[in-house]
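Right, one structure below, let's go through it.
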Amino acid sequence: MSLGALMSEKRARPTSSQVYMSKEVDWKMLDKSRFFFLGAALFSGVSTALYPIVVLKTRQQVSPTHVSCANISLAIARLEGLKGFYKGFGTSLLGTIPARALYMTALEITKSSVGQATVRLGLSETTSMAVSNGAAGLASAVAAQVVWTPIDVVSQRLMVQGDLSYANGFDAFRKILYSDGPRGFYRGFGLSILTYAPSNAVWWASYSLSQKKIWSRFKGPYGHKEDARGSVAVQALSAATASGCSALITMPVDTIKTRLQVLDAEENGRRRAMTVMQTLKSLMREGGGFGACYRGLGPRWVSMSMSATTMITTYEFLKRLSTKKQT
């Protein structure tokens, strides 16, 4: 029996205190080929729209002094034009498709498996949702970082150093491989896991709890007929709420990770990768304290909120488009 069926069974007899929630579509209900094909197309479009914000966040994080987003935006527009906001985009998009496929697969399989286990253990629906979503977020982040970290290293260098150091994504890949070897593509991998795994776990758990809390405002004696616009509004508000928590908690680690992946140290005239402690000390020295770790918080918060809101509504829409036809 699927997680959706188990949850439905628990809600079979509505009571006056029942909270209505949008029907869950789980892994076993999906047409996998349609899910991955449509997912690649939809998320590529979303990534295209949001990429300039990622460029702003990255440049702000690696800047030796604090520079506002407005000034960075004006400088890019004046010196590089529109293409400056899309440096490294081709590389990023090429890696995002397999990474997103890994992410979605791990997310749905873990959510379904853990959800069924928690329901059978007799946990409440709220606890079951929080635990299964949190575990799914953790597993999906770890799986996706195997692909995303190398893509991050290459695309972020293109964002920051661009035409001065690299002709294109392939040239960046070749030079990193030559200077650092395969390990160079996994700079900051541990920090990426420390950033995205707990962030994802907190985000998905917060998202499920926020949804339940918001839907509780619409409770009635027998629930309500599902309304598409209402579902989208609840999903978007829940996503924005979860993003705020995740951005604040993980911002210092994300800043250190980005600088570790992009910047090098010089020793006896030779460039080499910086250590975590060197990166942290350099950041503190430049910014005058721990507050420097929150450089780029504004763009990251906006990016995460917009990305999460767009992604989750797209994702829920995708799951409904990909649901198997009942026979």
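As shown in the structure tokens, the chain order sets the letters A, B, ...; within each chain, residues go from 1, and ligands are also counted from 1 in the order they appear.
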
Next on the checklist: Can you pull out the residues contacting A:Phe317? Cut-off 9 Å, using only C-alpha atoms, and skip same-chain residues under 5 positions away; I want them as a list of chain:residue names.
Outcome noted: A:Val232, A:Ile312, A:Ser322

Would you save the residues of that selection, restricted to N, CA, C and O atoms, as a CSV table (one decimal), in the first residue's frame?
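Saved result, again_31.csv, follows:
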```csv
chain,number,residue,atom,x,y,z
A,232,VAL,N,-2.0,26.1,-4.8
A,232,VAL,CA,-0.8,26.8,-5.2
A,232,VAL,C,-0.4,27.9,-4.2
A,232,VAL,O,0.8,28.1,-3.8
A,312,ILE,N,8.6,24.4,-6.0
A,312,ILE,CA,7.7,23.6,-5.3
A,312,ILE,C,6.3,23.6,-6.1
A,312,ILE,O,5.7,22.5,-6.2
A,322,SER,N,2.2,13.9,-14.1
A,322,SER,CA,2.9,12.6,-14.3
A,322,SER,C,2.1,11.5,-13.6
A,322,SER,O,2.6,10.3,-13.6
```

Next on the checklist: Please extract the residues of stretch 187-269 of chain A with a backbone DSSP assignment of helix (DSSP H, G or I) and present them as a PyMOL selection string.
Outcome noted: chain A and resi 189-218+228-262

Checklist entry - What does the distance between atom CA of A:Thr48 and atom CA of A:Asn133 come to in Å, to one decimal place? => result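 Atom CA of A:Asn133 lies at a distance of 27.0 Å from atom CA of A:Thr48.
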
Checklist entry - Counting only C-alpha atoms, which of A:Leu263, A:Ala236, A:Leu102, A:Leu248 gets nearest to A:Gly298? => result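 Looking only at the distances to A:Gly298, the closest residue turns out to be A:Leu248.
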
Checklist entry - Can you tell me how far atom CA of A:Gln211 sits from atom CA of A:Glu316, in Å to one decimal? => result 13.0 Å

Hey, which bits of stretch 30-139 of chain A sit within 12 Å of stretch 275-282 of chain A, and for each residue what's the closest pair of atoms and how far apart in Å (one decimal), counting only C-alpha atoms, rows by chain and increasing number, as a tab-separated table?
```
residue	atom	partner	partner_atom	distance
A:Gln61	CA	A:Thr279	CA	11.9
A:Val62	CA	A:Thr279	CA	10.5
A:Ser63	CA	A:Ser282	CA	11.5
A:Pro64	CA	A:Ser282	CA	9.0
A:Thr65	CA	A:Ser282	CA	11.4
```

For those residues, write N, CA, C and O atoms to a file as a PDB file, in the first residue's frame.
```
ATOM      1  N   GLN A  61      29.547  37.113  -2.416  1.00  0.00           N
ATOM      2  CA  GLN A  61      30.213  36.272  -1.421  1.00  0.00           C
ATOM      3  C   GLN A  61      31.739  36.285  -1.572  1.00  0.00           C
ATOM      4  O   GLN A  61      32.457  36.187  -0.585  1.00  0.00           O
ATOM      5  N   VAL A  62      32.227  36.357  -2.804  1.00  0.00           N
ATOM      6  CA  VAL A  62      33.686  36.287  -3.012  1.00  0.00           C
ATOM      7  C   VAL A  62      34.349  37.661  -3.081  1.00  0.00           C
ATOM      8  O   VAL A  62      35.569  37.764  -3.159  1.00  0.00           O
ATOM      9  N   SER A  63      33.555  38.721  -3.013  1.00  0.00           N
ATOM     10  CA  SER A  63      34.120  40.067  -3.055  1.00  0.00           C
ATOM     11  C   SER A  63      34.948  40.328  -1.793  1.00  0.00           C
ATOM     12  O   SER A  63      34.517  40.000  -0.683  1.00  0.00           O
ATOM     13  N   PRO A  64      36.150  40.924  -1.914  1.00  0.00           N
ATOM     14  CA  PRO A  64      36.984  41.200  -0.732  1.00  0.00           C
ATOM     15  C   PRO A  64      36.408  42.279   0.170  1.00  0.00           C
ATOM     16  O   PRO A  64      36.804  42.413   1.328  1.00  0.00           O
ATOM     17  N   THR A  65      35.484  43.089  -0.345  1.00  0.00           N
ATOM     18  CA  THR A  65      34.809  44.112   0.457  1.00  0.00           C
ATOM     19  C   THR A  65      33.311  44.004   0.236  1.00  0.00           C
ATOM     20  O   THR A  65      32.857  43.401  -0.745  1.00  0.00           O
TER      21      THR A  65
END
```

Checklist entry - Please, which residues of stretch 189-287 of chain A, numbered as in this document, come out strand (DSSP E) from DSSP, as a list of chain:residue names? => result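 Here is the list: A:Asp264, A:Ala265, A:Glu266, A:Glu267, A:Arg270, A:Arg271, A:Arg272, A:Ala273.
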
Next on the checklist: Give me, as a PyMOL selection string, all polymer residues having an atom no more than 10 Å from A:Lys324, counting only C-alpha atoms and skipping those fewer than 6 positions away in the same chain.
Outcome noted: chain A and resi 28-32+34

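Proximity ranking of A:Val262, A:Ala308, A:Ala106, A:Ala201 relative to A:Gly244 places A:Ala308 first, based on only C-alpha atoms.
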
Item to check | Of the listed residues A:Ala197, A:Leu209, A:Ile109, A:Leu164, that which approaches A:Ser238 most closely, counting only C-alpha atoms | outcome: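 Ranking A:Ala197, A:Leu209, A:Ile109, A:Leu164 by distance to A:Ser238, first place goes to A:Leu209.
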
Checklist entry - Pick the closest to A:Leu56 from A:Ala240, A:Ala139, A:Ala167, A:Ala70: which is it, counting only C-alpha atoms? => result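 Answer, going by the shortest atom-to-atom distance: A:Ala70.
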
Item to check | Residue contacts of stretch 77-88 of chain A (7 Å, only C-alpha atoms) excluding same-chain residues fewer than 4 positions away, as a list of chain:residue names | outcome: A:Tyr51, A:Pro52, A:Val55, A:Ser73, A:Ser92, A:Ser155, A:Gln156, A:Leu158, A:Met159, A:Gly162, A:Gly169

Restrict the selected residues to N, CA, C and O atoms and save them as a JSON list (two decimals), in the first residue's frame.
```json
[["chain", "number", "residue", "atom", "x", "y", "z"],
["A", 51, "TYR", "N", 18.70, 32.24, -12.64],
["A", 51, "TYR", "CA", 20.16, 32.19, -12.66],
["A", 51, "TYR", "C", 20.84, 33.54, -12.34],
["A", 51, "TYR", "O", 21.84, 33.56, -11.62],
["A", 52, "PRO", "N", 20.37, 34.68, -12.86],
["A", 52, "PRO", "CA", 21.04, 35.95, -12.55],
["A", 52, "PRO", "C", 21.17, 36.24, -11.05],
["A", 52, "PRO", "O", 22.15, 36.83, -10.61],
["A", 55, "VAL", "N", 24.16, 34.43, -9.72],
["A", 55, "VAL", "CA", 25.39, 35.13, -10.10],
["A", 55, "VAL", "C", 25.66, 36.28, -9.12],
["A", 55, "VAL", "O", 26.80, 36.46, -8.65],
["A", 73, "SER", "N", 24.98, 44.65, -9.71],
["A", 73, "SER", "CA", 24.11, 44.54, -10.89],
["A", 73, "SER", "C", 24.46, 45.60, -11.93],
["A", 73, "SER", "O", 24.55, 45.30, -13.13],
["A", 92, "SER", "N", 26.08, 25.00, -15.95],
["A", 92, "SER", "CA", 25.15, 24.77, -14.85],
["A", 92, "SER", "C", 23.93, 23.98, -15.31],
["A", 92, "SER", "O", 23.50, 23.03, -14.66],
["A", 155, "SER", "N", 30.93, 26.26, -12.76],
["A", 155, "SER", "CA", 30.04, 27.39, -13.09],
["A", 155, "SER", "C", 30.35, 28.62, -12.24],
["A", 155, "SER", "O", 30.30, 29.76, -12.73],
["A", 156, "GLN", "N", 30.71, 28.43, -10.94],
["A", 156, "GLN", "CA", 31.01, 29.57, -10.09],
["A", 156, "GLN", "C", 32.31, 30.25, -10.51],
["A", 156, "GLN", "O", 32.42, 31.47, -10.43],
["A", 158, "LEU", "N", 33.34, 30.42, -13.57],
["A", 158, "LEU", "CA", 32.96, 31.18, -14.76],
["A", 158, "LEU", "C", 32.21, 32.45, -14.38],
["A", 158, "LEU", "O", 32.38, 33.51, -14.99],
["A", 159, "MET", "N", 31.36, 32.36, -13.35],
["A", 159, "MET", "CA", 30.62, 33.54, -12.87],
["A", 159, "MET", "C", 31.56, 34.65, -12.40],
["A", 159, "MET", "O", 31.34, 35.82, -12.65],
["A", 162, "GLY", "N", 35.36, 34.27, -15.22],
["A", 162, "GLY", "CA", 34.88, 34.41, -16.59],
["A", 162, "GLY", "C", 35.93, 34.51, -17.66],
["A", 162, "GLY", "O", 36.87, 33.72, -17.73],
["A", 169, "GLY", "N", 33.05, 26.76, -20.58],
["A", 169, "GLY", "CA", 32.95, 25.73, -19.55],
["A", 169, "GLY", "C", 33.93, 24.59, -19.75],
["A", 169, "GLY", "O", 34.53, 24.08, -18.80]]
```

Within 8 Å of A:Gln261 using only C-alpha atoms, minus same-chain residues under 5 positions, as a short mmCIF file (atom, residue, chain, number, x, y, z; two decimals) with N, CA and C atoms, in the first residue's frame:
```cif
data_model
loop_
_atom_site.label_atom_id
_atom_site.label_comp_id
_atom_site.auth_asym_id
_atom_site.auth_seq_id
_atom_site.Cartn_x
_atom_site.Cartn_y
_atom_site.Cartn_z
N VAL A 153 31.57 24.07 -8.91
CA VAL A 153 32.96 24.52 -8.98
C VAL A 153 33.23 25.19 -10.33
N GLN A 156 30.71 28.43 -10.94
CA GLN A 156 31.01 29.57 -10.09
C GLN A 156 32.31 30.25 -10.51
N ARG A 157 33.28 29.47 -10.98
CA ARG A 157 34.50 30.10 -11.48
C ARG A 157 34.22 30.92 -12.74
N ARG A 187 36.15 20.33 -4.55
CA ARG A 187 36.46 21.33 -3.52
C ARG A 187 35.17 21.70 -2.81
N GLY A 188 35.21 21.68 -1.50
CA GLY A 188 34.04 22.09 -0.74
C GLY A 188 32.93 21.07 -0.71
#
```

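Among the candidates A:Gly122, A:Thr258, A:His66, A:Arg217, the one nearest to A:Glu286 when counting only C-alpha atoms is A:His66.
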
Checklist entry - So what do you get for atom CA of A:Leu138 versus atom CA of A:Phe173, distance-wise? => result 28.5 Å
